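This is data-v5.cif. It holds mmCIF, C-alpha atoms.
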```
data_start
#
loop_
_atom_site.group_PDB
_atom_site.id
_atom_site.type_symbol
_atom_site.label_atom_id
_atom_site.label_comp_id
_atom_site.auth_asym_id
_atom_site.auth_seq_id
_atom_site.Cartn_x
_atom_site.Cartn_y
_atom_site.Cartn_z
ATOM 1 C CA PRO A 1 85.111 -32.150 41.415
ATOM 2 C CA PRO A 2 85.919 -30.356 38.165
ATOM 3 C CA ILE A 3 82.328 -30.506 36.971
ATOM 4 C CA GLN A 4 80.982 -28.702 40.061
ATOM 5 C CA HIS A 5 83.703 -26.072 39.737
ATOM 6 C CA THR A 6 82.666 -25.458 36.091
ATOM 7 C CA LEU A 7 78.963 -25.028 37.021
ATOM 8 C CA THR A 8 79.810 -22.608 39.783
ATOM 9 C CA THR A 9 81.839 -20.482 37.424
ATOM 10 C CA ARG A 10 78.978 -20.340 34.903
ATOM 11 C CA HIS A 11 76.510 -19.361 37.600
ATOM 12 C CA TYR A 12 78.812 -16.620 38.742
ATOM 13 C CA ALA A 13 79.139 -15.286 35.213
ATOM 14 C CA VAL A 14 75.333 -15.214 34.747
ATOM 15 C CA LEU A 15 74.780 -13.492 38.060
ATOM 16 C CA SER A 16 77.413 -10.917 37.242
ATOM 17 C CA SER A 17 75.703 -10.169 33.918
ATOM 18 C CA VAL A 18 72.306 -9.783 35.602
ATOM 19 C CA VAL A 19 73.709 -7.435 38.196
ATOM 20 C CA LEU A 20 75.376 -5.362 35.509
ATOM 21 C CA VAL A 21 72.162 -5.094 33.478
ATOM 22 C CA MET A 22 70.140 -4.106 36.542
ATOM 23 C CA GLU A 23 72.693 -1.441 37.410
ATOM 24 C CA LEU A 24 72.504 -0.050 33.887
ATOM 25 C CA LEU A 25 68.688 -0.012 33.978
ATOM 26 C CA ARG A 26 68.683 1.709 37.360
ATOM 27 C CA THR A 27 71.060 4.351 36.078
ATOM 28 C CA LEU A 28 68.948 4.847 32.931
ATOM 29 C CA PHE A 29 65.669 5.141 34.859
ATOM 30 C CA SER A 30 67.290 7.557 37.295
ATOM 31 C CA GLN A 31 68.427 9.797 34.437
ATOM 32 C CA VAL A 32 65.015 9.659 32.766
ATOM 33 C CA TYR A 33 63.274 10.453 36.041
ATOM 34 C CA GLN A 34 65.532 13.418 36.690
ATOM 35 C CA ARG A 35 64.931 14.770 33.171
ATOM 36 C CA VAL A 36 61.140 14.412 33.537
ATOM 37 C CA ILE A 37 61.217 16.232 36.883
ATOM 38 C CA ALA A 38 63.338 18.996 35.410
ATOM 39 C CA TRP A 39 61.018 19.306 32.425
ATOM 40 C CA LEU A 40 57.913 19.473 34.616
ATOM 41 C CA GLN A 41 59.444 22.170 36.793
ATOM 42 C CA GLY A 42 60.309 24.286 33.799
ATOM 43 C CA THR A 43 57.034 23.808 31.912
ATOM 44 C CA SER A 44 54.069 26.198 32.148
ATOM 45 C CA PRO A 45 50.676 24.913 33.449
ATOM 46 C CA ALA A 46 49.047 25.567 30.046
ATOM 47 C CA THR A 47 51.514 23.229 28.369
ATOM 48 C CA LEU A 48 50.855 20.560 30.974
ATOM 49 C CA GLN A 49 47.078 20.863 30.349
ATOM 50 C CA LEU A 50 47.606 20.548 26.622
ATOM 51 C CA THR A 51 49.781 17.470 27.165
ATOM 52 C CA GLY A 52 47.059 15.903 29.288
ATOM 53 C CA VAL A 53 44.418 16.604 26.643
ATOM 54 C CA LEU A 54 46.609 15.072 23.948
ATOM 55 C CA GLY A 55 47.175 12.008 26.093
ATOM 56 C CA LEU A 56 43.430 11.647 26.693
ATOM 57 C CA ALA A 57 42.730 12.032 22.981
ATOM 58 C CA LEU A 58 45.316 9.358 22.218
ATOM 59 C CA GLY A 59 43.651 7.018 24.697
ATOM 60 C CA VAL A 60 40.194 7.608 23.210
ATOM 61 C CA TYR A 61 41.534 7.044 19.705
ATOM 62 C CA GLY A 62 43.099 3.762 20.764
ATOM 63 C CA TYR A 63 39.847 2.654 22.385
ATOM 64 C CA TYR A 64 37.712 3.358 19.326
ATOM 65 C CA HIS A 65 40.346 1.850 17.078
ATOM 66 C CA PHE A 66 40.076 -1.336 19.124
ATOM 67 C CA ARG A 67 36.272 -1.154 18.930
ATOM 68 C CA GLY A 68 36.479 -0.644 15.161
ATOM 69 C CA ASP A 69 38.608 -3.762 14.763
ATOM 70 C CA ARG A 70 36.055 -5.780 16.688
ATOM 71 C CA GLY A 71 33.211 -4.299 14.633
ATOM 72 C CA GLN A 72 35.031 -5.204 11.425
ATOM 73 C CA VAL A 73 35.352 -8.794 12.620
ATOM 74 C CA GLN A 74 31.626 -8.835 13.474
ATOM 75 C CA ARG A 75 30.688 -7.477 10.027
ATOM 76 C CA SER A 76 32.900 -10.079 8.413
ATOM 77 C CA ASN A 77 31.051 -12.785 10.311
ATOM 78 C CA ASN A 78 27.695 -11.350 9.207
ATOM 79 C CA GLN A 79 28.821 -11.342 5.575
ATOM 80 C CA ASN A 80 29.901 -14.942 5.859
ATOM 81 C CA SER A 81 26.475 -15.814 7.232
ATOM 82 C CA ALA A 82 24.797 -13.933 4.393
ATOM 83 C CA THR A 83 26.762 -15.908 1.806
ATOM 84 C CA ASN A 84 25.516 -19.180 3.324
ATOM 85 C CA PRO A 85 22.005 -19.606 1.912
ATOM 86 C CA ALA A 86 21.369 -22.775 3.848
ATOM 87 C CA ALA A 87 21.761 -21.016 7.182
ATOM 88 C CA GLY A 88 19.575 -18.106 6.077
ATOM 89 C CA ALA A 89 16.872 -20.416 4.787
ATOM 90 C CA SER A 90 16.922 -22.378 8.031
ATOM 91 C CA ALA A 91 16.515 -19.226 10.148
ATOM 92 C CA SER A 92 13.743 -17.912 7.889
ATOM 93 C CA GLY A 93 11.964 -21.244 8.024
ATOM 94 C CA GLN A 94 12.085 -21.356 11.807
ATOM 95 C CA GLN A 95 10.798 -17.782 12.070
ATOM 96 C CA GLY A 96 8.007 -18.478 9.598
ATOM 97 C CA ALA A 97 7.024 -21.644 11.435
ATOM 98 C CA ALA A 98 6.889 -19.763 14.732
ATOM 99 C CA SER A 99 4.727 -17.016 13.233
ATOM 100 C CA ARG A 100 2.303 -19.586 11.836
ATOM 101 C CA GLU A 101 1.765 -21.340 15.155
ATOM 102 C CA VAL A 102 -1.892 -21.326 16.231
ATOM 103 C CA VAL A 103 -3.196 -22.198 19.652
ATOM 104 C CA PRO A 104 -4.976 -25.610 19.516
ATOM 105 C CA GLY A 105 -8.711 -25.236 19.141
ATOM 106 C CA THR A 106 -8.493 -21.801 17.501
ATOM 107 C CA THR A 107 -8.166 -20.509 13.946
ATOM 108 C CA ALA A 108 -5.870 -17.831 12.634
ATOM 109 C CA ALA A 109 -7.523 -14.415 12.390
ATOM 110 C CA PRO A 110 -7.847 -13.093 8.821
ATOM 111 C CA LYS A 111 -5.679 -10.114 7.908
ATOM 112 C CA GLN A 112 -7.604 -6.833 8.069
ATOM 113 C CA THR A 113 -7.121 -4.525 5.086
ATOM 114 C CA ALA A 114 -8.650 -1.098 4.560
ATOM 115 C CA PRO A 115 -10.827 -0.719 1.450
ATOM 116 C CA ALA A 116 -9.117 1.037 -1.411
ATOM 117 C CA PRO A 117 -10.354 4.523 -2.365
ATOM 118 C CA GLY A 118 -13.311 4.254 -4.713
ATOM 119 C CA ASN A 119 -14.480 0.841 -3.464
ATOM 120 C CA THR A 120 -16.962 2.022 -0.823
ATOM 121 C CA PRO A 121 -20.571 3.096 -1.522
ATOM 122 C CA LEU A 122 -19.747 6.632 -0.354
ATOM 123 C CA SER A 123 -16.693 6.924 -2.600
ATOM 124 C CA ARG A 124 -18.622 5.631 -5.592
ATOM 125 C CA ALA A 125 -21.368 8.198 -4.971
ATOM 126 C CA ILE A 126 -18.797 10.973 -4.701
ATOM 127 C CA LEU A 127 -16.991 9.910 -7.874
ATOM 128 C CA ALA A 128 -20.274 9.903 -9.768
ATOM 129 C CA GLN A 129 -20.988 13.518 -8.755
ATOM 130 C CA LEU A 130 -17.444 14.800 -9.297
ATOM 131 C CA LYS A 131 -17.721 13.874 -12.990
ATOM 132 C CA GLY A 132 -14.017 13.388 -13.555
ATOM 133 C CA ALA A 133 -12.780 16.398 -11.587
ATOM 134 C CA LYS A 134 -9.167 16.035 -10.465
ATOM 135 C CA ARG A 135 -8.811 19.273 -8.473
ATOM 136 C CA VAL A 136 -11.475 20.755 -6.200
ATOM 137 C CA THR A 137 -11.449 24.059 -4.327
ATOM 138 C CA ILE A 138 -13.808 24.577 -1.387
ATOM 139 C CA SER A 139 -14.704 27.780 0.407
ATOM 140 C CA CYS A 140 -15.087 26.865 4.083
ATOM 141 C CA PRO A 141 -17.737 29.273 5.483
ATOM 142 C CA GLY A 142 -21.204 27.760 5.125
ATOM 143 C CA VAL A 143 -19.841 24.669 3.335
ATOM 144 C CA LEU A 144 -17.553 22.999 5.867
ATOM 145 C CA LEU A 145 -18.187 25.421 8.733
ATOM 146 C CA GLN A 146 -21.504 26.253 10.340
ATOM 147 C CA GLU A 147 -20.561 29.946 10.374
ATOM 148 C CA TRP A 148 -21.302 32.047 7.294
ATOM 149 C CA THR A 149 -20.333 35.660 8.030
ATOM 150 C CA LEU A 150 -17.136 37.463 9.007
ATOM 151 C CA SER A 151 -18.572 38.549 12.342
ATOM 152 C CA GLN A 152 -19.421 34.947 13.232
ATOM 153 C CA LEU A 153 -15.911 33.756 12.375
ATOM 154 C CA GLN A 154 -14.415 36.363 14.703
ATOM 155 C CA GLU A 155 -16.118 34.647 17.642
ATOM 156 C CA SER A 156 -15.967 30.929 16.828
ATOM 157 C CA ALA A 157 -15.840 28.276 14.133
ATOM 158 C CA SER A 158 -17.312 24.774 14.176
ATOM 159 C CA LEU A 159 -17.322 22.010 11.587
ATOM 160 C CA HIS A 160 -20.543 20.684 10.070
ATOM 161 C CA PRO A 161 -21.099 17.203 11.560
ATOM 162 C CA ALA A 162 -21.860 15.631 8.167
ATOM 163 C CA ALA A 163 -19.078 17.463 6.333
ATOM 164 C CA ALA A 164 -16.158 15.644 7.979
ATOM 165 C CA GLU A 165 -17.043 12.167 6.679
ATOM 166 C CA VAL A 166 -17.683 13.456 3.174
ATOM 167 C CA MET A 167 -14.460 15.463 3.145
ATOM 168 C CA HIS A 168 -12.308 12.520 4.232
ATOM 169 C CA GLU A 169 -13.469 10.569 1.198
ATOM 170 C CA VAL A 170 -13.252 13.507 -1.219
ATOM 171 C CA ILE A 171 -9.669 14.192 -0.109
ATOM 172 C CA ARG A 172 -8.736 10.562 -0.806
ATOM 173 C CA LEU A 173 -10.081 10.781 -4.358
ATOM 174 C CA VAL A 174 -9.003 14.230 -5.641
ATOM 175 C CA ASP A 175 -6.673 17.145 -4.888
ATOM 176 C CA VAL A 176 -8.419 19.528 -2.506
ATOM 177 C CA PHE A 177 -7.609 23.140 -1.643
ATOM 178 C CA LEU A 178 -9.499 24.932 1.130
ATOM 179 C CA LEU A 179 -10.140 28.678 0.999
ATOM 180 C CA CYS A 180 -11.565 31.004 3.617
ATOM 181 C CA HIS A 181 -12.495 34.681 3.626
ATOM 182 C CA VAL A 182 -11.611 36.006 7.102
ATOM 183 C CA PRO A 183 -11.479 39.515 8.619
ATOM 184 C CA ASP A 184 -8.162 39.177 10.514
ATOM 185 C CA ASP A 185 -5.461 36.874 11.844
ATOM 186 C CA VAL A 186 -7.531 35.958 14.885
ATOM 187 C CA ALA A 187 -10.323 34.575 12.728
ATOM 188 C CA GLN A 188 -7.759 32.760 10.599
ATOM 189 C CA ALA A 189 -6.412 30.974 13.683
ATOM 190 C CA VAL A 190 -9.947 30.140 14.822
ATOM 191 C CA VAL A 191 -10.853 28.606 11.459
ATOM 192 C CA LEU A 192 -7.633 26.640 11.148
ATOM 193 C CA GLY A 193 -8.061 25.299 14.681
ATOM 194 C CA ALA A 194 -11.613 24.122 13.936
ATOM 195 C CA LEU A 195 -10.512 22.354 10.739
ATOM 196 C CA GLU A 196 -7.655 20.623 12.523
ATOM 197 C CA ALA A 197 -9.829 19.637 15.486
ATOM 198 C CA GLY A 198 -12.402 18.153 13.100
ATOM 199 C CA GLY A 199 -9.756 16.068 11.335
ATOM 200 C CA VAL A 200 -10.156 17.808 7.966
ATOM 201 C CA VAL A 201 -6.683 19.427 8.056
ATOM 202 C CA GLY A 202 -3.607 17.416 8.990
ATOM 203 C CA SER A 203 -0.851 15.172 7.685
ATOM 204 C CA LYS A 204 -2.683 11.832 7.721
ATOM 205 C CA PRO A 205 -4.452 10.144 4.773
ATOM 206 C CA GLY A 206 -7.854 11.693 4.173
ATOM 207 C CA GLN A 207 -6.725 15.119 5.446
ATOM 208 C CA VAL A 208 -5.790 18.336 3.673
ATOM 209 C CA PRO A 209 -2.177 19.440 4.301
ATOM 210 C CA SER A 210 -1.987 22.760 6.112
ATOM 211 C CA HIS A 211 -0.148 24.421 3.204
ATOM 212 C CA ARG A 212 -3.242 23.840 1.067
ATOM 213 C CA VAL A 213 -5.429 25.947 3.360
ATOM 214 C CA LEU A 214 -5.515 29.478 1.919
ATOM 215 C CA PHE A 215 -6.923 32.644 3.481
ATOM 216 C CA CYS A 216 -7.926 35.993 2.008
ATOM 217 C CA SER A 217 -9.309 39.259 3.339
ATOM 218 C CA THR A 218 -11.696 40.039 0.438
ATOM 219 C CA LEU A 219 -14.099 38.109 -1.764
ATOM 220 C CA GLU A 220 -12.260 39.432 -4.801
ATOM 221 C CA GLY A 221 -9.064 37.862 -3.469
ATOM 222 C CA LYS A 222 -10.845 34.528 -3.137
ATOM 223 C CA VAL A 223 -12.031 34.703 -6.738
ATOM 224 C CA SER A 224 -8.479 35.440 -7.867
ATOM 225 C CA MET A 225 -7.069 32.456 -5.941
ATOM 226 C CA VAL A 226 -9.650 30.085 -7.406
ATOM 227 C CA ARG A 227 -8.836 31.217 -10.926
ATOM 228 C CA GLN A 228 -5.119 30.727 -10.318
ATOM 229 C CA LEU A 229 -5.655 27.202 -8.968
ATOM 230 C CA GLU A 230 -7.782 26.309 -12.030
ATOM 231 C CA PRO A 231 -9.942 23.600 -10.425
ATOM 232 C CA GLN A 232 -12.479 21.529 -12.354
ATOM 233 C CA LEU A 233 -14.934 22.064 -9.476
ATOM 234 C CA HIS A 234 -15.385 24.887 -6.979
ATOM 235 C CA ILE A 235 -17.779 24.730 -4.007
ATOM 236 C CA ASP A 236 -18.786 27.971 -2.293
ATOM 237 C CA GLY A 237 -21.322 29.405 0.115
ATOM 238 C CA HIS A 238 -21.389 32.918 -1.377
ATOM 239 C CA ALA A 239 -23.654 33.491 -4.360
ATOM 240 C CA SER A 240 -21.590 36.444 -5.616
ATOM 241 C CA THR A 241 -18.420 34.355 -5.768
ATOM 242 C CA VAL A 242 -20.175 31.634 -7.746
ATOM 243 C CA ASP A 243 -21.520 34.206 -10.191
ATOM 244 C CA ASP A 244 -18.070 35.751 -10.661
ATOM 245 C CA LEU A 245 -16.535 32.356 -11.451
ATOM 246 C CA LYS A 246 -19.148 30.905 -13.778
ATOM 247 C CA ARG A 247 -17.222 32.010 -16.876
ATOM 248 C CA PHE A 248 -13.967 30.407 -15.760
ATOM 249 C CA ILE A 249 -14.672 27.188 -13.807
ATOM 250 C CA PRO A 250 -16.228 24.086 -15.460
ATOM 251 C CA GLN A 251 -18.347 23.109 -12.431
ATOM 252 C CA LEU A 252 -19.668 25.299 -9.595
ATOM 253 C CA TRP A 253 -21.647 24.132 -6.569
ATOM 254 C CA HIS A 254 -23.451 26.741 -4.486
ATOM 255 C CA VAL A 255 -24.332 25.821 -0.903
ATOM 256 C CA TYR A 256 -27.026 28.296 0.157
ATOM 257 C CA ALA A 257 -28.412 29.149 3.584
ATOM 258 C CA ALA A 258 -32.119 29.152 4.284
ATOM 259 C CA GLY A 259 -33.685 32.442 3.325
ATOM 260 C CA THR A 260 -30.745 33.667 1.232
ATOM 261 C CA ALA A 261 -30.467 34.304 -2.497
ATOM 262 C CA ARG A 262 -29.056 31.621 -4.744
ATOM 263 C CA ALA A 263 -26.474 32.057 -7.436
ATOM 264 C CA GLY A 264 -27.726 32.666 -10.955
ATOM 265 C CA SER A 265 -28.756 29.819 -13.206
ATOM 266 C CA ALA A 266 -26.186 28.442 -15.613
ATOM 267 C CA PRO A 267 -25.390 25.014 -17.093
ATOM 268 C CA ASN A 268 -22.291 24.679 -14.886
ATOM 269 C CA ILE A 269 -23.928 25.802 -11.603
ATOM 270 C CA ALA A 270 -25.688 23.467 -9.149
ATOM 271 C CA HIS A 271 -27.435 24.376 -5.885
ATOM 272 C CA ALA A 272 -27.946 22.494 -2.607
ATOM 273 C CA SER A 273 -28.558 23.306 1.047
ATOM 274 C CA SER A 274 -25.464 21.421 2.219
ATOM 275 C CA LEU A 275 -22.352 19.683 0.947
ATOM 276 C CA ALA A 276 -23.761 16.250 1.801
ATOM 277 C CA ALA A 277 -26.915 17.007 -0.222
ATOM 278 C CA PHE A 278 -24.882 17.078 -3.443
ATOM 279 C CA PHE A 279 -24.106 13.400 -2.868
ATOM 280 C CA ASN A 280 -27.671 12.545 -1.822
ATOM 281 C CA LEU A 281 -26.596 11.939 1.785
#
```

Full structure transcribed into structure tokens:
Amino acid sequence: PPIQHTLTTRHYAVLSSVVLVMELLRTLFSQVYQRVIAWLQGTSPATLQLTGVLGLALGVYGYYHFRGDRGQVQRSNNQNSATNPAAGASASGQQGAASREVVPGTTAAPKQTAPAPGNTPLSRAILAQLKGAKRVTISCPGVLLQEWTLSQLQESASLHPAAAEVMHEVIRLVDVFLLCHVPDDVAQAVVLGALEAGGVVGSKPGQVPSHRVLFCSTLEGKVSMVRQLEPQLHIDGHASTVDDLKRFIPQLWHVYAAGTARAGSAPNIAHASSLAAFFNL
């Protein structure tokens, strides 16, 4: 019939077009393939390596670009959540309710807070004796350390048992600088190690920062450092140092060893056998 003849002709025309397109594509791919092979044969290995690196870089860039688009969508969702106060309030309420849950038959434990500086009996006693001093310098030998002489510091250094507790509170209340007269670098390391091991020197609250621990090789150098720091109170275990500073420092405390001479009498000089004794401890 005429209709079948017409359909057959159309099919033939479509098939002819498909065959023609496929032949053109095959010819095009063959030419491209031959050009690529020719280019690879005539290209140096260094160029091929560079091409591979560039291709890898392009792939990585595309990957992170895709990741960035996803991250931008996620941030957009977060911003939409932030602009919805009802949702935020609901989440906060659920979290707060969960944190307030208490096991039946028990009571919630009270929150523990450390006492503020100046609110303990020890801090009040220290404040009363400091008499408004804001900066205090302390010579370590004989005051914080059990060793007094240079020869003793060359061998060892140990912290007074009662000095650590007092120092922690003093450091919380005022600015403290530690000074030490040592014979050499070895003794300096020994002293610094003992102060750190005793918890007097460190980076935590109630400790003296290491850059505020000063060393000198002569007593004259110690006197000069104290004068430059201009403290309202200086505590020392050497009578000669106290005497040299009595004209320049408002308050001076001399910690003396048994059987040794005390610093001279003056309105701004006080004497005691230990640091804790100044606070009646």

Counting all atoms listed in the file, the option among A:Lys246, A:His238, A:His211, A:Lys131 closest to Trp148 in chain A: A:His238

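Atom pair CA of Leu144 in chain A / CA of Ala266 in chain A has a distance of 23.8 Å (rounded to one decimal).
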
Two-atom distance - CA of Leu150 in chain A, CA of Asp243 in chain A (Å): 20.0 Å

Residue with smallest distance to Ser203 in chain A - pool A:Lys134, A:Ala189, A:Ile171, A:Gln232, counting all atoms listed in the file: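 Nearest to Ser203 in chain A: A:Ile171.
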
Residues returned when the PyMOL selection byres ((chain A and resi 192) around 10) runs on this file, as a PyMOL selection string: chain A and resi 157+180+187-191+193-198+200-201+210+213-215

Best match for closeness to Thr260 in chain A among A:Val18, A:Val223, A:Val176, A:Gly142, counting all atoms listed in the file: A:Gly142

Counting all atoms listed in the file, the option among A:Val14, A:Val174, A:Val182, A:Val19 closest to Leu130 in chain A: A:Val174

Nearest-residue call for Glu220 in chain A, choices A:Gln207, A:Gln41, A:Asn119, A:Thr241, using only C-alpha atoms: A:Thr241

Would you place a box with edges along x, y and z of the file around all atoms of range 203-222 of chain A listed there, add 6 Å to each of its six sides, and report the centre and edge lengths in Å to one decimal, as lines of an AutoDock Vina configuration file?
```
center_x = -7.1
center_y = 25.1
center_z = 1.5
size_x = 26.0
size_y = 41.9
size_z = 24.5
```

Residues in the PyMOL selection byres ((chain A and resi 136) around 6), expressed as a count of residues only: 6

Point-to-point distance in Å for CA of Lys222 in chain A and CA of Asp175 in chain A: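 For CA of Asp175 in chain A relative to CA of Lys222 in chain A, the distance reads 18.0 Å.
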
Output of the PyMOL selection byres ((chain A and resi 262) around 10), listed as an NGL selection string: :A and (237-240 or 242-243 or 254-261 or 263-265 or 270-272)

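With distances restricted to all atoms listed in the file, A:Leu245 is the closest residue to Gln228 in chain A from A:Leu245, A:Cys140, A:Val208, A:Val166.
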
Shell around Glu165 in chain A at 12 Å using all atoms listed in the file, local window under 5 positions removed, as a PyMOL selection string: chain A and resi 122-123+126+144+159-160+170-172+198-200+206-207+275-276+279+281
